$ cat model.pdb   # PDB, C-alpha atoms, pLDDT in the B column
MODEL        1
ATOM      1  CA  MET T   1      95.739 170.035  89.959  1.00 48.00           C
ATOM      2  CA  THR T   2      93.933 167.322  91.921  1.00 51.00           C
ATOM      3  CA  GLN T   3      90.302 166.293  91.765  1.00 47.00           C
ATOM      4  CA  ALA T   4      87.787 167.233  94.451  1.00 47.00           C
ATOM      5  CA  ASN T   5      84.973 164.911  95.445  1.00 49.00           C
ATOM      6  CA  GLY T   6      82.597 166.696  93.108  1.00 50.00           C
ATOM      7  CA  GLY T   7      84.956 166.369  90.161  1.00 52.00           C
ATOM      8  CA  ALA T   8      86.263 169.957  90.123  1.00 67.00           C
ATOM      9  CA  ALA T   9      90.035 170.303  90.178  1.00 85.00           C
ATOM     10  CA  LEU T  10      91.592 171.497  93.429  1.00 92.00           C
ATOM     11  CA  PRO T  11      94.626 173.804  93.490  1.00 95.00           C
ATOM     12  CA  HIS T  12      97.873 171.862  93.528  1.00 96.00           C
ATOM     13  CA  LEU T  13      99.731 171.613  96.847  1.00 96.00           C
ATOM     14  CA  ASP T  14     103.476 171.020  96.852  1.00 96.00           C
ATOM     15  CA  ARG T  15     105.318 169.308  99.700  1.00 96.00           C
ATOM     16  CA  LEU T  16     107.824 171.509 101.486  1.00 96.00           C
ATOM     17  CA  GLY T  17     109.766 170.159 104.422  1.00 95.00           C
ATOM     18  CA  GLY T  18     107.219 167.351 104.620  1.00 95.00           C
ATOM     19  CA  ARG T  19     104.217 169.712 104.832  1.00 97.00           C
ATOM     20  CA  PRO T  20     101.563 170.651 102.219  1.00 97.00           C
ATOM     21  CA  VAL T  21     102.176 174.174 100.908  1.00 98.00           C
ATOM     22  CA  LEU T  22     100.474 176.354  98.306  1.00 98.00           C
ATOM     23  CA  PHE T  23     102.951 178.340  96.231  1.00 98.00           C
ATOM     24  CA  VAL T  24     101.629 181.537  94.663  1.00 98.00           C
ATOM     25  CA  MET T  25     103.084 183.584  91.803  1.00 97.00           C
ATOM     26  CA  ALA T  26     101.701 186.386  89.658  1.00 95.00           C
ATOM     27  CA  ALA T  27     103.277 186.102  86.211  1.00 93.00           C
ATOM     28  CA  GLU T  28     104.686 183.363  83.973  1.00 93.00           C
ATOM     29  CA  ALA T  29     107.731 185.537  83.205  1.00 92.00           C
ATOM     30  CA  GLU T  30     108.895 185.045  86.814  1.00 94.00           C
ATOM     31  CA  TYR T  31     108.423 181.256  86.674  1.00 96.00           C
ATOM     32  CA  GLY T  32     111.682 180.127  85.104  1.00 96.00           C
ATOM     33  CA  PRO T  33     113.296 176.705  84.658  1.00 97.00           C
ATOM     34  CA  ALA T  34     114.806 176.526  88.158  1.00 97.00           C
ATOM     35  CA  LEU T  35     111.457 177.096  89.869  1.00 97.00           C
ATOM     36  CA  ARG T  36     109.664 174.851  87.371  1.00 97.00           C
ATOM     37  CA  SER T  37     111.892 172.011  88.522  1.00 96.00           C
ATOM     38  CA  VAL T  38     110.805 172.305  92.169  1.00 96.00           C
ATOM     39  CA  ILE T  39     107.302 173.864  92.463  1.00 97.00           C
ATOM     40  CA  ALA T  40     103.960 174.077  90.641  1.00 96.00           C
ATOM     41  CA  PRO T  41     102.474 177.382  91.821  1.00 97.00           C
ATOM     42  CA  LEU T  42      99.028 178.880  91.589  1.00 97.00           C
ATOM     43  CA  MET T  43      99.339 181.678  89.016  1.00 97.00           C
ATOM     44  CA  THR T  44      97.139 184.541  90.193  1.00 96.00           C
ATOM     45  CA  GLY T  45      97.613 187.249  87.606  1.00 95.00           C
ATOM     46  CA  VAL T  46      99.111 190.658  88.302  1.00 95.00           C
ATOM     47  CA  GLY T  47      97.957 193.117  90.950  1.00 95.00           C
ATOM     48  CA  PRO T  48      96.188 193.131  94.310  1.00 96.00           C
ATOM     49  CA  VAL T  49      92.697 192.497  92.942  1.00 96.00           C
ATOM     50  CA  GLU T  50      93.616 189.477  90.821  1.00 96.00           C
ATOM     51  CA  SER T  51      95.808 187.946  93.512  1.00 97.00           C
ATOM     52  CA  ALA T  52      93.224 188.440  96.276  1.00 97.00           C
ATOM     53  CA  VAL T  53      90.481 186.856  94.163  1.00 97.00           C
ATOM     54  CA  ALA T  54      92.635 183.921  93.052  1.00 97.00           C
ATOM     55  CA  VAL T  55      94.072 183.059  96.463  1.00 98.00           C
ATOM     56  CA  THR T  56      90.759 183.467  98.292  1.00 98.00           C
ATOM     57  CA  ALA T  57      89.038 181.187  95.783  1.00 97.00           C
ATOM     58  CA  ALA T  58      91.825 178.600  95.996  1.00 97.00           C
ATOM     59  CA  LEU T  59      91.867 178.507  99.782  1.00 98.00           C
ATOM     60  CA  ALA T  60      88.069 178.342  99.954  1.00 97.00           C
ATOM     61  CA  ARG T  61      88.056 175.289  97.706  1.00 97.00           C
ATOM     62  CA  LEU T  62      90.832 173.641  99.666  1.00 98.00           C
ATOM     63  CA  GLN T  63      89.056 174.358 102.948  1.00 97.00           C
ATOM     64  CA  ALA T  64      85.828 172.841 101.623  1.00 96.00           C
ATOM     65  CA  ALA T  65      87.795 169.718 100.736  1.00 95.00           C
ATOM     66  CA  GLY T  66      89.459 169.596 104.169  1.00 96.00           C
ATOM     67  CA  ARG T  67      92.872 170.232 102.613  1.00 97.00           C
ATOM     68  CA  LEU T  68      94.011 173.678 103.722  1.00 98.00           C
ATOM     69  CA  PRO T  69      97.800 173.988 103.352  1.00 98.00           C
ATOM     70  CA  ALA T  70     100.140 174.358 106.301  1.00 97.00           C
ATOM     71  CA  ALA T  71     101.351 177.608 104.705  1.00 98.00           C
ATOM     72  CA  VAL T  72     101.229 179.723 101.576  1.00 98.00           C
ATOM     73  CA  VAL T  73     104.467 180.910  99.978  1.00 98.00           C
ATOM     74  CA  SER T  74     104.194 184.012  97.776  1.00 98.00           C
ATOM     75  CA  LEU T  75     107.210 184.505  95.556  1.00 97.00           C
ATOM     76  CA  GLY T  76     108.336 186.518  92.556  1.00 95.00           C
ATOM     77  CA  SER T  77     110.040 189.804  91.795  1.00 91.00           C
ATOM     78  CA  ALA T  78     109.986 193.202  93.486  1.00 92.00           C
ATOM     79  CA  GLY T  79     111.411 196.657  92.955  1.00 91.00           C
ATOM     80  CA  SER T  80     113.674 198.511  95.360  1.00 91.00           C
ATOM     81  CA  GLN T  81     115.990 201.495  95.544  1.00 89.00           C
ATOM     82  CA  ARG T  82     117.431 200.251  98.863  1.00 91.00           C
ATOM     83  CA  LEU T  83     118.129 196.546  98.325  1.00 93.00           C
ATOM     84  CA  GLU T  84     120.567 194.714  96.080  1.00 91.00           C
ATOM     85  CA  GLN T  85     119.243 193.930  92.626  1.00 91.00           C
ATOM     86  CA  GLY T  86     119.169 190.226  91.811  1.00 90.00           C
ATOM     87  CA  ARG T  87     119.179 189.177  95.473  1.00 93.00           C
ATOM     88  CA  VAL T  88     116.277 187.396  97.187  1.00 96.00           C
ATOM     89  CA  TYR T  89     114.762 188.773 100.386  1.00 97.00           C
ATOM     90  CA  GLN T  90     112.135 187.531 102.787  1.00 97.00           C
ATOM     91  CA  VAL T  91     109.145 189.765 103.428  1.00 98.00           C
ATOM     92  CA  ALA T  92     109.086 190.627 107.122  1.00 97.00           C
ATOM     93  CA  ALA T  93     105.959 192.788 106.875  1.00 97.00           C
ATOM     94  CA  ALA T  94     103.736 194.264 104.173  1.00 96.00           C
ATOM     95  CA  ASP T  95     101.547 197.330 103.766  1.00 95.00           C
ATOM     96  CA  TYR T  96      98.958 198.452 101.195  1.00 95.00           C
ATOM     97  CA  ARG T  97     100.362 201.640  99.710  1.00 92.00           C
ATOM     98  CA  ASP T  98      97.198 202.469  97.724  1.00 90.00           C
ATOM     99  CA  MET T  99      95.057 202.833 100.836  1.00 90.00           C
ATOM    100  CA  ASP T 100      94.718 206.490 101.827  1.00 88.00           C
ATOM    101  CA  ALA T 101      91.643 207.519 103.810  1.00 93.00           C
ATOM    102  CA  SER T 102      93.500 210.343 105.559  1.00 90.00           C
ATOM    103  CA  ALA T 103      90.823 212.822 104.457  1.00 94.00           C
ATOM    104  CA  LEU T 104      88.478 210.990 106.850  1.00 92.00           C
ATOM    105  CA  GLY T 105      90.967 211.086 109.717  1.00 92.00           C
ATOM    106  CA  PHE T 106      92.546 207.646 109.255  1.00 91.00           C
ATOM    107  CA  ALA T 107      96.300 207.230 109.116  1.00 90.00           C
ATOM    108  CA  ARG T 108      97.580 206.657 105.610  1.00 90.00           C
ATOM    109  CA  GLY T 109      97.723 202.934 104.862  1.00 89.00           C
ATOM    110  CA  VAL T 110      95.062 202.025 107.432  1.00 89.00           C
ATOM    111  CA  THR T 111      91.902 200.479 105.977  1.00 91.00           C
ATOM    112  CA  PRO T 112      88.891 202.187 107.598  1.00 91.00           C
ATOM    113  CA  PHE T 113      86.909 200.135 110.143  1.00 92.00           C
ATOM    114  CA  LEU T 114      89.139 197.052 109.772  1.00 90.00           C
ATOM    115  CA  ASP T 115      90.948 197.460 113.129  1.00 89.00           C
ATOM    116  CA  LEU T 116      94.318 196.467 111.681  1.00 92.00           C
ATOM    117  CA  PRO T 117      97.601 198.380 111.570  1.00 93.00           C
ATOM    118  CA  ALA T 118      98.880 199.683 108.253  1.00 91.00           C
ATOM    119  CA  CYS T 119     101.757 197.187 108.169  1.00 94.00           C
ATOM    120  CA  LEU T 120     101.148 193.485 108.831  1.00 95.00           C
ATOM    121  CA  PRO T 121     103.809 190.862 109.684  1.00 96.00           C
ATOM    122  CA  LEU T 122     104.581 187.703 107.714  1.00 97.00           C
ATOM    123  CA  LEU T 123     106.178 184.475 108.877  1.00 96.00           C
ATOM    124  CA  THR T 124     109.948 184.525 108.333  1.00 96.00           C
ATOM    125  CA  VAL T 125     112.682 181.915 108.367  1.00 94.00           C
ATOM    126  CA  PRO T 126     115.600 182.328 110.810  1.00 93.00           C
ATOM    127  CA  ASP T 127     118.267 182.090 108.104  1.00 94.00           C
ATOM    128  CA  PRO T 128     121.028 184.707 107.661  1.00 93.00           C
ATOM    129  CA  ALA T 129     121.296 183.731 103.994  1.00 93.00           C
ATOM    130  CA  LEU T 130     117.754 185.059 103.503  1.00 95.00           C
ATOM    131  CA  PRO T 131     117.700 188.653 104.789  1.00 96.00           C
ATOM    132  CA  ALA T 132     114.310 190.225 105.435  1.00 96.00           C
ATOM    133  CA  GLY T 133     112.838 193.577 104.525  1.00 96.00           C
ATOM    134  CA  THR T 134     109.506 195.357 104.548  1.00 97.00           C
ATOM    135  CA  LEU T 135     107.335 195.557 101.455  1.00 96.00           C
ATOM    136  CA  SER T 136     104.655 197.874 100.068  1.00 96.00           C
ATOM    137  CA  THR T 137     101.977 196.408  97.802  1.00 96.00           C
ATOM    138  CA  GLY T 138      99.999 198.454  95.306  1.00 94.00           C
ATOM    139  CA  ALA T 139      98.447 198.453  91.848  1.00 93.00           C
ATOM    140  CA  SER T 140     101.112 200.609  90.190  1.00 88.00           C
ATOM    141  CA  VAL T 141     104.678 200.059  89.033  1.00 86.00           C
ATOM    142  CA  VAL T 142     106.856 202.252  91.249  1.00 81.00           C
ATOM    143  CA  THR T 143     109.776 203.949  89.566  1.00 83.00           C
ATOM    144  CA  GLY T 144     112.093 206.909  89.964  1.00 84.00           C
ATOM    145  CA  ALA T 145     110.933 209.678  92.287  1.00 84.00           C
ATOM    146  CA  ALA T 146     107.795 207.706  93.259  1.00 86.00           C
ATOM    147  CA  TYR T 147     109.938 205.667  95.664  1.00 85.00           C
ATOM    148  CA  ALA T 148     110.122 208.710  97.935  1.00 85.00           C
ATOM    149  CA  GLY T 149     106.507 208.107  98.924  1.00 85.00           C
ATOM    150  CA  VAL T 150     106.967 204.402  99.700  1.00 87.00           C
ATOM    151  CA  ALA T 151     107.511 203.210 103.259  1.00 86.00           C
ATOM    152  CA  GLY T 152     108.697 199.677 102.485  1.00 91.00           C
ATOM    153  CA  ASP T 153     112.172 198.499 101.553  1.00 95.00           C
ATOM    154  CA  MET T 154     110.709 196.965  98.389  1.00 96.00           C
ATOM    155  CA  VAL T 155     107.531 197.138  96.309  1.00 95.00           C
ATOM    156  CA  ASP T 156     105.313 194.611  94.576  1.00 95.00           C
ATOM    157  CA  MET T 157     101.719 194.269  93.400  1.00 93.00           C
ATOM    158  CA  GLU T 158     100.452 191.165  95.245  1.00 96.00           C
ATOM    159  CA  THR T 159     101.855 190.266  98.672  1.00 97.00           C
ATOM    160  CA  PHE T 160      99.579 192.331 100.944  1.00 97.00           C
ATOM    161  CA  ALA T 161      96.510 191.050  99.083  1.00 97.00           C
ATOM    162  CA  VAL T 162      97.693 187.452  99.426  1.00 98.00           C
ATOM    163  CA  LEU T 163      98.353 188.079 103.129  1.00 98.00           C
ATOM    164  CA  ARG T 164      94.794 189.310 103.695  1.00 97.00           C
ATOM    165  CA  ALA T 165      93.383 186.288 101.871  1.00 97.00           C
ATOM    166  CA  CYS T 166      95.511 183.930 103.976  1.00 98.00           C
ATOM    167  CA  ALA T 167      94.384 185.642 107.179  1.00 97.00           C
ATOM    168  CA  MET T 168      90.753 184.832 106.374  1.00 96.00           C
ATOM    169  CA  PHE T 169      91.617 181.130 106.575  1.00 98.00           C
ATOM    170  CA  GLY T 170      94.189 181.233 109.361  1.00 97.00           C
ATOM    171  CA  VAL T 171      97.002 180.130 107.035  1.00 98.00           C
ATOM    172  CA  PRO T 172     100.476 181.633 107.580  1.00 98.00           C
ATOM    173  CA  LEU T 173     102.183 183.376 104.657  1.00 98.00           C
ATOM    174  CA  ILE T 174     105.873 183.358 103.769  1.00 98.00           C
ATOM    175  CA  GLY T 175     107.004 185.950 101.225  1.00 98.00           C
ATOM    176  CA  LEU T 176     110.108 185.665  99.031  1.00 98.00           C
ATOM    177  CA  ARG T 177     111.001 188.420  96.566  1.00 97.00           C
ATOM    178  CA  GLY T 178     113.924 188.867  94.205  1.00 94.00           C
ATOM    179  CA  ILE T 179     114.821 192.472  93.410  1.00 91.00           C
ATOM    180  CA  SER T 180     114.413 192.959  89.668  1.00 84.00           C
ATOM    181  CA  ASP T 181     114.519 196.736  89.283  1.00 73.00           C
ATOM    182  CA  GLY T 182     114.469 200.091  91.041  1.00 70.00           C
ATOM    183  CA  MET T 183     117.971 201.521  90.952  1.00 72.00           C
ATOM    184  CA  ALA T 184     117.230 203.156  87.581  1.00 72.00           C
ATOM    185  CA  PRO T 185     113.871 204.372  86.238  1.00 76.00           C
ATOM    186  CA  VAL T 186     111.689 201.680  84.652  1.00 75.00           C
ATOM    187  CA  THR T 187     111.142 202.578  80.997  1.00 74.00           C
ATOM    188  CA  GLY T 188     109.893 199.274  79.606  1.00 74.00           C
ATOM    189  CA  MET T 189     109.601 195.510  80.014  1.00 73.00           C
ATOM    190  CA  MET T 190     113.353 194.946  79.677  1.00 75.00           C
ATOM    191  CA  ASP T 191     114.003 196.929  82.850  1.00 74.00           C
ATOM    192  CA  TRP T 192     111.821 194.418  84.718  1.00 70.00           C
ATOM    193  CA  THR T 193     112.899 191.200  82.989  1.00 73.00           C
ATOM    194  CA  ARG T 194     116.679 191.810  82.914  1.00 80.00           C
ATOM    195  CA  TYR T 195     117.373 189.939  86.174  1.00 81.00           C
ATOM    196  CA  LEU T 196     114.509 187.445  86.158  1.00 89.00           C
ATOM    197  CA  ASP T 197     116.747 184.526  85.151  1.00 89.00           C
ATOM    198  CA  VAL T 198     119.059 185.225  88.096  1.00 92.00           C
ATOM    199  CA  ILE T 199     116.096 185.679  90.418  1.00 93.00           C
ATOM    200  CA  ASP T 200     114.580 182.402  89.228  1.00 96.00           C
ATOM    201  CA  ARG T 201     117.677 180.455  90.292  1.00 96.00           C
ATOM    202  CA  ARG T 202     117.957 182.262  93.604  1.00 95.00           C
ATOM    203  CA  LEU T 203     114.276 181.833  94.408  1.00 97.00           C
ATOM    204  CA  ALA T 204     114.637 178.085  93.838  1.00 97.00           C
ATOM    205  CA  GLU T 205     117.563 178.082  96.273  1.00 97.00           C
ATOM    206  CA  ALA T 206     115.488 180.094  98.767  1.00 97.00           C
ATOM    207  CA  VAL T 207     112.628 177.595  98.509  1.00 97.00           C
ATOM    208  CA  ALA T 208     115.051 174.832  99.490  1.00 96.00           C
ATOM    209  CA  ARG T 209     116.200 176.842 102.509  1.00 96.00           C
ATOM    210  CA  VAL T 210     112.617 177.502 103.568  1.00 97.00           C
ATOM    211  CA  GLY T 211     111.917 173.779 103.190  1.00 96.00           C
ATOM    212  CA  ALA T 212     114.761 172.985 105.565  1.00 96.00           C
ATOM    213  CA  ALA T 213     113.306 175.425 108.113  1.00 96.00           C
ATOM    214  CA  VAL T 214     109.848 173.865 107.763  1.00 96.00           C
ATOM    215  CA  ALA T 215     111.325 170.396 108.257  1.00 96.00           C
ATOM    216  CA  ALA T 216     113.031 171.741 111.403  1.00 94.00           C
ATOM    217  CA  GLY T 217     109.673 172.832 112.851  1.00 94.00           C
ATOM    218  CA  LEU T 218     109.053 176.371 111.543  1.00 93.00           C
ATOM    219  CA  LEU T 219     105.300 175.752 111.215  1.00 92.00           C
ATOM    220  CA  ASP T 220     104.883 173.809 114.459  1.00 90.00           C
ATOM    221  CA  GLY T 221     103.006 175.570 117.208  1.00 71.00           C
TER
ENDMDL
END
$ encode --input "model.pdb" --output "structure tokens"
Amino acid sequence: MTQANGGAALPHLDRLGGRPVLFVMAAEAEYGPALRSVIAPLMTGVGPVESAVAVTAALARLQAAGRLPAAVVSLGSAGSQRLEQGRVYQVAAADYRDMDASALGFARGVTPFLDLPACLPLLTVPDPALPAGTLSTGASVVTGAAYAGVAGDMVDMETFAVLRACAMFGVPLIGLRGISDGMAPVTGMMDWTRYLDVIDRRLAEAVARVGAAVAAGLLDG
């Protein structure tokens, strides 16, 4: 944390590819030794409400100090029945799976009166070593048969909320997610944490690859 002019601590910004970047994670369990050696993220707490509040507050304080980051990078774990467990994927686009105002005539996933599509794009890195997929964000842990009602390739509880917060400040968002579970039903914490050590190492490697893309001009223009 750094100090603002008024004495209040500002959210920490890491340098990535020579640019100031705010890293965002939800839970300490996902922040292993490999990531600890390269980034100091804002920890938001779990779920769309906590992450939206935390990221909006952080960006508002940074904006007031004239220090908005060049990008936000949201990273952590995700579930999937389609993607390889333990592998890291970029988020190409995200939707809000909890939003359903279809009874009022709106398409499922569309927030009424917001004039936005159900699925919103994220900034991605042109790197074949980091494949991209779509993601659905919601406030529940998806498991078993519940995947049948999910449009995205993977699921989490924060990315769409972080994306909406970033949009308020005109800051691009990059999403990186390691697949921790989904092939078998989730019955407890161990089903989520089993691959987190592998994901930690691979997320750290992905951060380095994103940094190379940023240094090559990803955020320019």
$ closest_residue --input "model.pdb" --among "T:Arg202, T:Arg108, T:Arg82, T:Arg15" --to "Val155 of chain T" --atoms "only C-alpha atoms"
T:Arg82
$ atom_distance --input "model.pdb" --atom1 "atom CA of Leu42 of chain T" --atom2 "atom CA of Leu203 of chain T"
15.8 Å
$ resolve_selection --input "model.pdb" --expression "the PyMOL selection byres ((chain T and resi 177) around 7)" --output "compact mmCIF listing (two decimals) with C-alpha atoms, keeping the file's coordinate frame"
# COMPACT_ATOMS: atom_id res chain seq x y z
CA LEU T 75 107.21 184.50 95.56
CA GLY T 76 108.34 186.52 92.56
CA SER T 77 110.04 189.80 91.80
CA ALA T 78 109.99 193.20 93.49
CA VAL T 88 116.28 187.40 97.19
CA TYR T 89 114.76 188.77 100.39
CA GLN T 90 112.14 187.53 102.79
CA GLY T 175 107.00 185.95 101.22
CA LEU T 176 110.11 185.66 99.03
CA GLY T 178 113.92 188.87 94.20
CA ILE T 179 114.82 192.47 93.41
$ residues_around --input "model.pdb" --residues "segment 45-50 of chain T" --least-positions-apart "6" --cutoff "7 Å" --atoms "only C-alpha atoms" --output "number ranges by chain"
T: 26-27, 138-139, 157-158, 161
$ write_last_selection --input "model.pdb" --atoms "C-alpha atoms" --output "PDB file, in the frame of the given file"
ATOM      1  CA  ALA T  26     101.701 186.386  89.658  1.00 95.00           C
ATOM      2  CA  ALA T  27     103.277 186.102  86.211  1.00 93.00           C
ATOM      3  CA  GLY T 138      99.999 198.454  95.306  1.00 94.00           C
ATOM      4  CA  ALA T 139      98.447 198.453  91.848  1.00 93.00           C
ATOM      5  CA  MET T 157     101.719 194.269  93.400  1.00 93.00           C
ATOM      6  CA  GLU T 158     100.452 191.165  95.245  1.00 96.00           C
ATOM      7  CA  ALA T 161      96.510 191.050  99.083  1.00 97.00           C
TER       8      ALA T 161
END
$ atom_distance --input "model.pdb" --atom1 "atom CA of Val186 of chain T" --atom2 "atom CA of Thr159 of chain T"
20.6 Å
$ atom_distance --input "model.pdb" --atom1 "atom CA of Asp14 of chain T" --atom2 "atom CA of Arg194 of chain T"
28.3 Å
$ resolve_selection --input "model.pdb" --expression "the PyMOL selection byres ((chain T and resi 196) around 8)" --output "list in words"
Ala29, Glu30, Gly32, Ser77, Gly86, Ser180, Trp192, Thr193, Arg194, Tyr195, Asp197, Val198, Ile199 and Asp200 of chain T
$ write_last_selection --input "model.pdb" --atoms "C-alpha atoms" --output "PDB file, keeping the file's coordinate frame"
ATOM      1  CA  ALA T  29     107.731 185.537  83.205  1.00 92.00           C
ATOM      2  CA  GLU T  30     108.895 185.045  86.814  1.00 94.00           C
ATOM      3  CA  GLY T  32     111.682 180.127  85.104  1.00 96.00           C
ATOM      4  CA  SER T  77     110.040 189.804  91.795  1.00 91.00           C
ATOM      5  CA  GLY T  86     119.169 190.226  91.811  1.00 90.00           C
ATOM      6  CA  SER T 180     114.413 192.959  89.668  1.00 84.00           C
ATOM      7  CA  TRP T 192     111.821 194.418  84.718  1.00 70.00           C
ATOM      8  CA  THR T 193     112.899 191.200  82.989  1.00 73.00           C
ATOM      9  CA  ARG T 194     116.679 191.810  82.914  1.00 80.00           C
ATOM     10  CA  TYR T 195     117.373 189.939  86.174  1.00 81.00           C
ATOM     11  CA  ASP T 197     116.747 184.526  85.151  1.00 89.00           C
ATOM     12  CA  VAL T 198     119.059 185.225  88.096  1.00 92.00           C
ATOM     13  CA  ILE T 199     116.096 185.679  90.418  1.00 93.00           C
ATOM     14  CA  ASP T 200     114.580 182.402  89.228  1.00 96.00           C
TER      15      ASP T 200
END
$ closest_residue --input "model.pdb" --among "T:Leu123, T:His12, T:Ala129, T:Ser74" --to "Ala52 of chain T" --atoms "all atoms listed in the file"
T:Ser74
$ resolve_selection --input "model.pdb" --expression "the PyMOL selection byres ((chain T and resi 59-70) around 6)" --output "PyMOL selection string"
chain T and resi 20-21+56-58+71
$ closest_residue --input "model.pdb" --among "T:Val73, T:Met183, T:Leu104, T:Leu218" --to "Ala145 of chain T" --atoms "all atoms listed in the file"
T:Met183
$ closest_residue --input "model.pdb" --among "T:Cys119, T:Ala103, T:Met25, T:Met190" --to "Ala151 of chain T" --atoms "only C-alpha atoms"
T:Cys119
$ closest_residue --input "model.pdb" --among "T:Ser102, T:Thr111, T:Ser37, T:Gln81" --to "Pro185 of chain T" --atoms "all atoms listed in the file"
T:Gln81
$ closest_residue --input "model.pdb" --among "T:Arg201, T:Arg19, T:Arg36, T:Arg87" --to "Leu130 of chain T" --atoms "all atoms listed in the file"
T:Arg87
$ decode --input "model.pdb" --residues "segment 59-73 of chain T" --atoms "N, CA, C and O atoms" --output "short mmCIF file (atom, residue, chain, number, x, y, z; two decimals), in the first residue's frame"
data_model
loop_
_atom_site.label_atom_id
_atom_site.label_comp_id
_atom_site.auth_asym_id
_atom_site.auth_seq_id
_atom_site.Cartn_x
_atom_site.Cartn_y
_atom_site.Cartn_z
N LEU T 59 -10.48 1.69 -7.26
CA LEU T 59 -10.27 2.52 -8.45
C LEU T 59 -10.69 3.96 -8.20
O LEU T 59 -10.08 4.90 -8.73
N ALA T 60 -11.72 4.17 -7.39
CA ALA T 60 -12.13 5.54 -7.06
C ALA T 60 -11.03 6.27 -6.31
O ALA T 60 -10.74 7.45 -6.58
N ARG T 61 -10.39 5.59 -5.38
CA ARG T 61 -9.30 6.22 -4.63
C ARG T 61 -8.10 6.49 -5.51
O ARG T 61 -7.44 7.54 -5.41
N LEU T 62 -7.80 5.56 -6.39
CA LEU T 62 -6.68 5.77 -7.31
C LEU T 62 -6.97 6.90 -8.29
O LEU T 62 -6.09 7.71 -8.60
N GLN T 63 -8.20 6.98 -8.77
CA GLN T 63 -8.57 8.07 -9.67
C GLN T 63 -8.45 9.42 -8.97
O GLN T 63 -7.93 10.39 -9.56
N ALA T 64 -8.90 9.49 -7.73
CA ALA T 64 -8.82 10.75 -6.98
C ALA T 64 -7.38 11.19 -6.79
O ALA T 64 -7.09 12.39 -6.72
N ALA T 65 -6.48 10.21 -6.73
CA ALA T 65 -5.05 10.52 -6.57
C ALA T 65 -4.34 10.69 -7.91
O ALA T 65 -3.12 10.91 -7.94
N GLY T 66 -5.08 10.59 -9.02
CA GLY T 66 -4.46 10.72 -10.34
C GLY T 66 -3.58 9.55 -10.68
O GLY T 66 -2.61 9.71 -11.45
N ARG T 67 -3.94 8.34 -10.18
CA ARG T 67 -3.06 7.18 -10.37
C ARG T 67 -3.81 5.96 -10.87
O ARG T 67 -3.49 4.82 -10.50
N LEU T 68 -4.81 6.15 -11.71
CA LEU T 68 -5.50 4.99 -12.27
C LEU T 68 -4.52 4.06 -12.99
O LEU T 68 -3.62 4.53 -13.70
N PRO T 69 -4.67 2.75 -12.81
CA PRO T 69 -3.76 1.82 -13.48
C PRO T 69 -4.01 1.75 -14.98
O PRO T 69 -5.10 2.10 -15.47
N ALA T 70 -3.02 1.26 -15.71
CA ALA T 70 -3.18 1.06 -17.14
C ALA T 70 -4.11 -0.12 -17.42
O ALA T 70 -4.71 -0.19 -18.49
N ALA T 71 -4.23 -1.04 -16.46
CA ALA T 71 -5.12 -2.18 -16.59
C ALA T 71 -5.34 -2.80 -15.22
O ALA T 71 -4.57 -2.57 -14.28
N VAL T 72 -6.40 -3.58 -15.12
CA VAL T 72 -6.63 -4.45 -13.97
C VAL T 72 -6.51 -5.88 -14.46
O VAL T 72 -6.94 -6.22 -15.56
N VAL T 73 -5.88 -6.73 -13.65
CA VAL T 73 -5.78 -8.15 -13.96
C VAL T 73 -6.47 -8.93 -12.85
O VAL T 73 -6.04 -8.89 -11.70
#
